[in-house]
2 protein chains.
Amino acid sequence: MKLIIIGANGTVGSAISNELGARHELIRVGKTSGDIQLDISDSAQIRALFARTGKVDGVVVAAGSVHFGALTEMEEQHFHIGLNSKLMGQVNVAHIGQSYLNDGGSITLTSGVVGDAPIRAGASAAMVNSALEGFVRGAAIELPRGLRINVVSPGLLEESVNKYGDLFLGFEAVSSRRVALAYARSVDGPETGQIYKVR
Amino acid sequence: MKLIIIGANGTVGSAISNELGARHELIRVGKTSGDIQLDISDSAQIRALFARTGKVDGVVVAAGSVHFGALTEMEEQHFHIGLNSKLMGQVNVAHIGQSYLNDGGSITLTSGVVGDAPIRAGASAAMVNSALEGFVRGAAIELPRGLRINVVSPGLLEESVNKYGDLFLGFEAVSSRRVALAYARSVDGPETGQIYKVR
């Protein structure tokens, strides 16, 4: 299969590329690296990406920013960072990309553990991650031509413990290799409308 | 208690006002009706509302628009209707309103059954409703001074069957009187971070 991996150079994206690259042809997309560059918060760039790649069998997104900050100190615009990037960036990839998918093709998005397990400073992340899971439930029943859509909700990555561990005390970390398997289930498996929680 | 009811003239808002008005002082807010007018998608108007009401013991929101439409026919801007109105309108009420709540005061938002039970034409509503539930989970653990936040997820209202019933075939309708009880649990009860599903 021919697959687009958006965020291919990130911690999760690298593991996904290792897992899926062994048996599929990958187009690696990154903000500043990879075969093609993309700012996921700009839908015009998403349109340009698919116009350049043409038809594919799947698109995987492991990209998008969200603001972490104390609720009482956040400003309205901090919420819009996650809404424009991690949420609508991924929704736009799904929404624009559906026309570029071959019959039976798949869309795989990324939410995160903060959607169902709250952490301090995580109100915006909880909102965005839950929104992505709701969107996938809603979109899965409407996609035509056997197209499928799923979302992977990774726990705290082992590789991120040094950077974010203080926010996730008591959370069991997961390896990016295990997380990548969930993306493989979405891409290579038969399911749609699923939330793959890797914890 | 002194409570602000936003969307007080709607089907759910009227039932909430009946239930809570029997024992509390209500400030009824509507888009074009009520004691004070408010366009919930405009955060400047939300700031002006609280500046005018001063301190209260609770704020209830049963307001906000979202676009229903076939996923393959939707445009990007259709998603922003729900993001700006039903999602960020309610989030801004919570975020701005927290400073105007007396200690132990409550915030009660409104999601909906489409967040967990997908219907055709409901991808944007599923996204927005799930986002609200994620936000409430995240915000509940951060609010200071014993402030509480919950969300009510009503099923299809009996009063809306004529208008929306075709989208919800097989869904058991609920009375707005039963839905209003969930808002009372949030306002008068002790809980926080809860999703009250009325089905």
# chains A, B, ... in the order shown; residues from 1 in each chain; ligands from 1
>>> residues_around(residues="stretch 180-196 of chain A", least_positions_apart="6", cutoff="8 Å", atoms="only C-alpha atoms", output="MDAnalysis selection string")
chainID A and resid 12 15:16 19:20 58 60 106:108 133 136:141 148:153
>>> write_last_selection(atoms="N, CA and C atoms", output="PDB file, in the first residue's frame")
ATOM      1  N   VAL A  12       6.531   9.268  17.893  1.00  0.00           N
ATOM      2  CA  VAL A  12       5.560   8.266  17.462  1.00  0.00           C
ATOM      3  C   VAL A  12       5.682   8.016  15.961  1.00  0.00           C
ATOM      4  N   ALA A  15       8.388   5.632  14.970  1.00  0.00           N
ATOM      5  CA  ALA A  15       8.046   4.242  15.281  1.00  0.00           C
ATOM      6  C   ALA A  15       7.006   3.711  14.276  1.00  0.00           C
ATOM      7  N   ILE A  16       6.054   4.559  13.907  1.00  0.00           N
ATOM      8  CA  ILE A  16       5.064   4.160  12.897  1.00  0.00           C
ATOM      9  C   ILE A  16       5.770   3.862  11.574  1.00  0.00           C
ATOM     10  N   GLU A  19       7.471   0.537  11.693  1.00  0.00           N
ATOM     11  CA  GLU A  19       6.506  -0.567  11.664  1.00  0.00           C
ATOM     12  C   GLU A  19       5.901  -0.725  10.269  1.00  0.00           C
ATOM     13  N   LEU A  20       5.417   0.366   9.702  1.00  0.00           N
ATOM     14  CA  LEU A  20       4.680   0.277   8.433  1.00  0.00           C
ATOM     15  C   LEU A  20       5.599   0.282   7.210  1.00  0.00           C
ATOM     16  N   GLY A  58      -3.766   5.097   2.321  1.00  0.00           N
ATOM     17  CA  GLY A  58      -3.967   5.442   3.716  1.00  0.00           C
ATOM     18  C   GLY A  58      -3.226   6.706   4.087  1.00  0.00           C
ATOM     19  N   VAL A  60      -1.896   8.615   7.749  1.00  0.00           N
ATOM     20  CA  VAL A  60      -1.719   8.516   9.200  1.00  0.00           C
ATOM     21  C   VAL A  60      -1.246   9.870   9.692  1.00  0.00           C
ATOM     22  N   SER A 106      -7.656   3.946   4.444  1.00  0.00           N
ATOM     23  CA  SER A 106      -7.837   4.269   5.869  1.00  0.00           C
ATOM     24  C   SER A 106      -7.267   5.626   6.245  1.00  0.00           C
ATOM     25  N   ILE A 107      -7.888   6.212   7.263  1.00  0.00           N
ATOM     26  CA  ILE A 107      -7.409   7.442   7.898  1.00  0.00           C
ATOM     27  C   ILE A 107      -7.146   7.088   9.365  1.00  0.00           C
ATOM     28  N   THR A 108      -5.979   7.429   9.877  1.00  0.00           N
ATOM     29  CA  THR A 108      -5.661   7.149  11.285  1.00  0.00           C
ATOM     30  C   THR A 108      -5.175   8.422  11.952  1.00  0.00           C
ATOM     31  N   GLU A 133     -11.824  12.015  19.195  1.00  0.00           N
ATOM     32  CA  GLU A 133     -12.472  10.709  19.336  1.00  0.00           C
ATOM     33  C   GLU A 133     -13.950  10.800  18.941  1.00  0.00           C
ATOM     34  N   VAL A 136     -14.152  10.972  15.098  1.00  0.00           N
ATOM     35  CA  VAL A 136     -13.919   9.664  14.462  1.00  0.00           C
ATOM     36  C   VAL A 136     -15.163   8.773  14.585  1.00  0.00           C
ATOM     37  N   ARG A 137     -15.815   8.786  15.757  1.00  0.00           N
ATOM     38  CA  ARG A 137     -17.071   8.025  15.895  1.00  0.00           C
ATOM     39  C   ARG A 137     -18.105   8.504  14.883  1.00  0.00           C
ATOM     40  N   GLY A 138     -18.201   9.832  14.743  1.00  0.00           N
ATOM     41  CA  GLY A 138     -19.207  10.394  13.835  1.00  0.00           C
ATOM     42  C   GLY A 138     -18.864  10.180  12.371  1.00  0.00           C
ATOM     43  N   ALA A 139     -17.592  10.347  12.027  1.00  0.00           N
ATOM     44  CA  ALA A 139     -17.177  10.263  10.618  1.00  0.00           C
ATOM     45  C   ALA A 139     -17.193   8.830  10.105  1.00  0.00           C
ATOM     46  N   ALA A 140     -16.895   7.880  10.973  1.00  0.00           N
ATOM     47  CA  ALA A 140     -16.745   6.482  10.532  1.00  0.00           C
ATOM     48  C   ALA A 140     -18.010   5.961   9.852  1.00  0.00           C
ATOM     49  N   ILE A 141     -19.168   6.389  10.340  1.00  0.00           N
ATOM     50  CA  ILE A 141     -20.429   5.857   9.789  1.00  0.00           C
ATOM     51  C   ILE A 141     -20.851   6.579   8.522  1.00  0.00           C
ATOM     52  N   ARG A 148     -12.185   3.848   5.858  1.00  0.00           N
ATOM     53  CA  ARG A 148     -12.214   3.640   7.301  1.00  0.00           C
ATOM     54  C   ARG A 148     -11.484   4.773   8.013  1.00  0.00           C
ATOM     55  N   ILE A 149     -11.893   5.028   9.272  1.00  0.00           N
ATOM     56  CA  ILE A 149     -11.198   6.037  10.081  1.00  0.00           C
ATOM     57  C   ILE A 149     -11.131   5.561  11.526  1.00  0.00           C
ATOM     58  N   ASN A 150      -9.951   5.651  12.115  1.00  0.00           N
ATOM     59  CA  ASN A 150      -9.740   5.280  13.516  1.00  0.00           C
ATOM     60  C   ASN A 150      -8.837   6.312  14.160  1.00  0.00           C
ATOM     61  N   VAL A 151      -8.738   6.237  15.477  1.00  0.00           N
ATOM     62  CA  VAL A 151      -7.843   7.137  16.205  1.00  0.00           C
ATOM     63  C   VAL A 151      -7.072   6.327  17.236  1.00  0.00           C
ATOM     64  N   VAL A 152      -5.789   6.636  17.353  1.00  0.00           N
ATOM     65  CA  VAL A 152      -4.944   5.998  18.364  1.00  0.00           C
ATOM     66  C   VAL A 152      -4.759   6.979  19.527  1.00  0.00           C
ATOM     67  N   SER A 153      -4.990   6.496  20.732  1.00  0.00           N
ATOM     68  CA  SER A 153      -4.802   7.310  21.941  1.00  0.00           C
ATOM     69  C   SER A 153      -3.628   6.748  22.723  1.00  0.00           C
TER      70      SER A 153
END
>>> interface_residues(of="chain A", to="chain B", cutoff="7 Å", atoms="only C-alpha atoms", output="list in words")
Leu71, Gly115, Asp116, Pro118, Ile119, Arg120, Gly122, Ala123, Ser124, Ala126, Met127, Val128, Ser130, Ala131, Leu132, Gly134, Phe135, Arg137, Gly138, Ala139 and Glu142 of chain A
>>> residues_around(residues="A:Arg52", least_positions_apart="5", cutoff="12 Å", atoms="only C-alpha atoms", output="list in words")
Ile4, Ile27, Val29, Asp35, Ile36, Gln37, Leu38, Gln45, Ile46, Arg47, Gly97 and Tyr100 of chain A
>>> write_last_selection(atoms="N, CA and C atoms", output="short mmCIF file (atom, residue, chain, number, x, y, z; two decimals), in the first residue's frame")
data_model
loop_
_atom_site.label_atom_id
_atom_site.label_comp_id
_atom_site.auth_asym_id
_atom_site.auth_seq_id
_atom_site.Cartn_x
_atom_site.Cartn_y
_atom_site.Cartn_z
N ILE A 4 0.60 7.91 3.40
CA ILE A 4 1.18 9.18 3.82
C ILE A 4 1.29 9.16 5.34
N ILE A 27 5.14 7.88 2.18
CA ILE A 27 5.47 9.28 1.89
C ILE A 27 5.57 9.96 3.24
N VAL A 29 5.96 12.91 5.78
CA VAL A 29 5.66 14.35 5.82
C VAL A 29 6.02 14.90 7.19
N ASP A 35 9.83 13.89 3.18
CA ASP A 35 9.75 14.01 1.72
C ASP A 35 8.99 15.28 1.33
N ILE A 36 7.99 15.65 2.14
CA ILE A 36 7.17 16.84 1.86
C ILE A 36 6.98 17.58 3.19
N GLN A 37 6.96 18.92 3.15
CA GLN A 37 6.75 19.71 4.37
C GLN A 37 5.30 20.19 4.45
N LEU A 38 4.79 20.24 5.68
CA LEU A 38 3.39 20.62 5.89
C LEU A 38 3.23 21.27 7.26
N GLN A 45 -2.34 24.20 2.81
CA GLN A 45 -1.17 23.32 2.65
C GLN A 45 -1.58 21.85 2.62
N ILE A 46 -2.66 21.51 3.35
CA ILE A 46 -3.15 20.12 3.31
C ILE A 46 -3.67 19.81 1.90
N ARG A 47 -4.41 20.75 1.32
CA ARG A 47 -4.90 20.56 -0.05
C ARG A 47 -3.73 20.38 -1.02
N GLY A 97 -8.61 14.62 2.77
CA GLY A 97 -7.95 13.42 2.28
C GLY A 97 -8.88 12.33 1.80
N TYR A 100 -8.93 11.59 -1.79
CA TYR A 100 -7.69 11.09 -2.37
C TYR A 100 -7.39 9.65 -1.98
#
>>> closest_residue(among="B:Gly170, B:Gly69, B:Gly82, B:Pro154", to="B:Thr11", atoms="only C-alpha atoms")
B:Pro154
>>> atom_distance(atom1="atom CA of A:Val59", atom2="atom CA of A:Asn9")
15.0 Å
>>> select_by_dssp(residues="stretch 87-134 of chain B", states="helix (DSSP H, G or I)", output="list in words")
Leu87, Met88, Gly89, Gln90, Val91, Asn92, Val93, Ala94, His95, Ile96, Gly97, Gln98, Ser99, Tyr100, Val113, Val114, Gly115, Ala123, Ser124, Ala125, Ala126, Met127, Val128, Asn129, Ser130, Ala131, Leu132, Glu133 and Gly134 of chain B
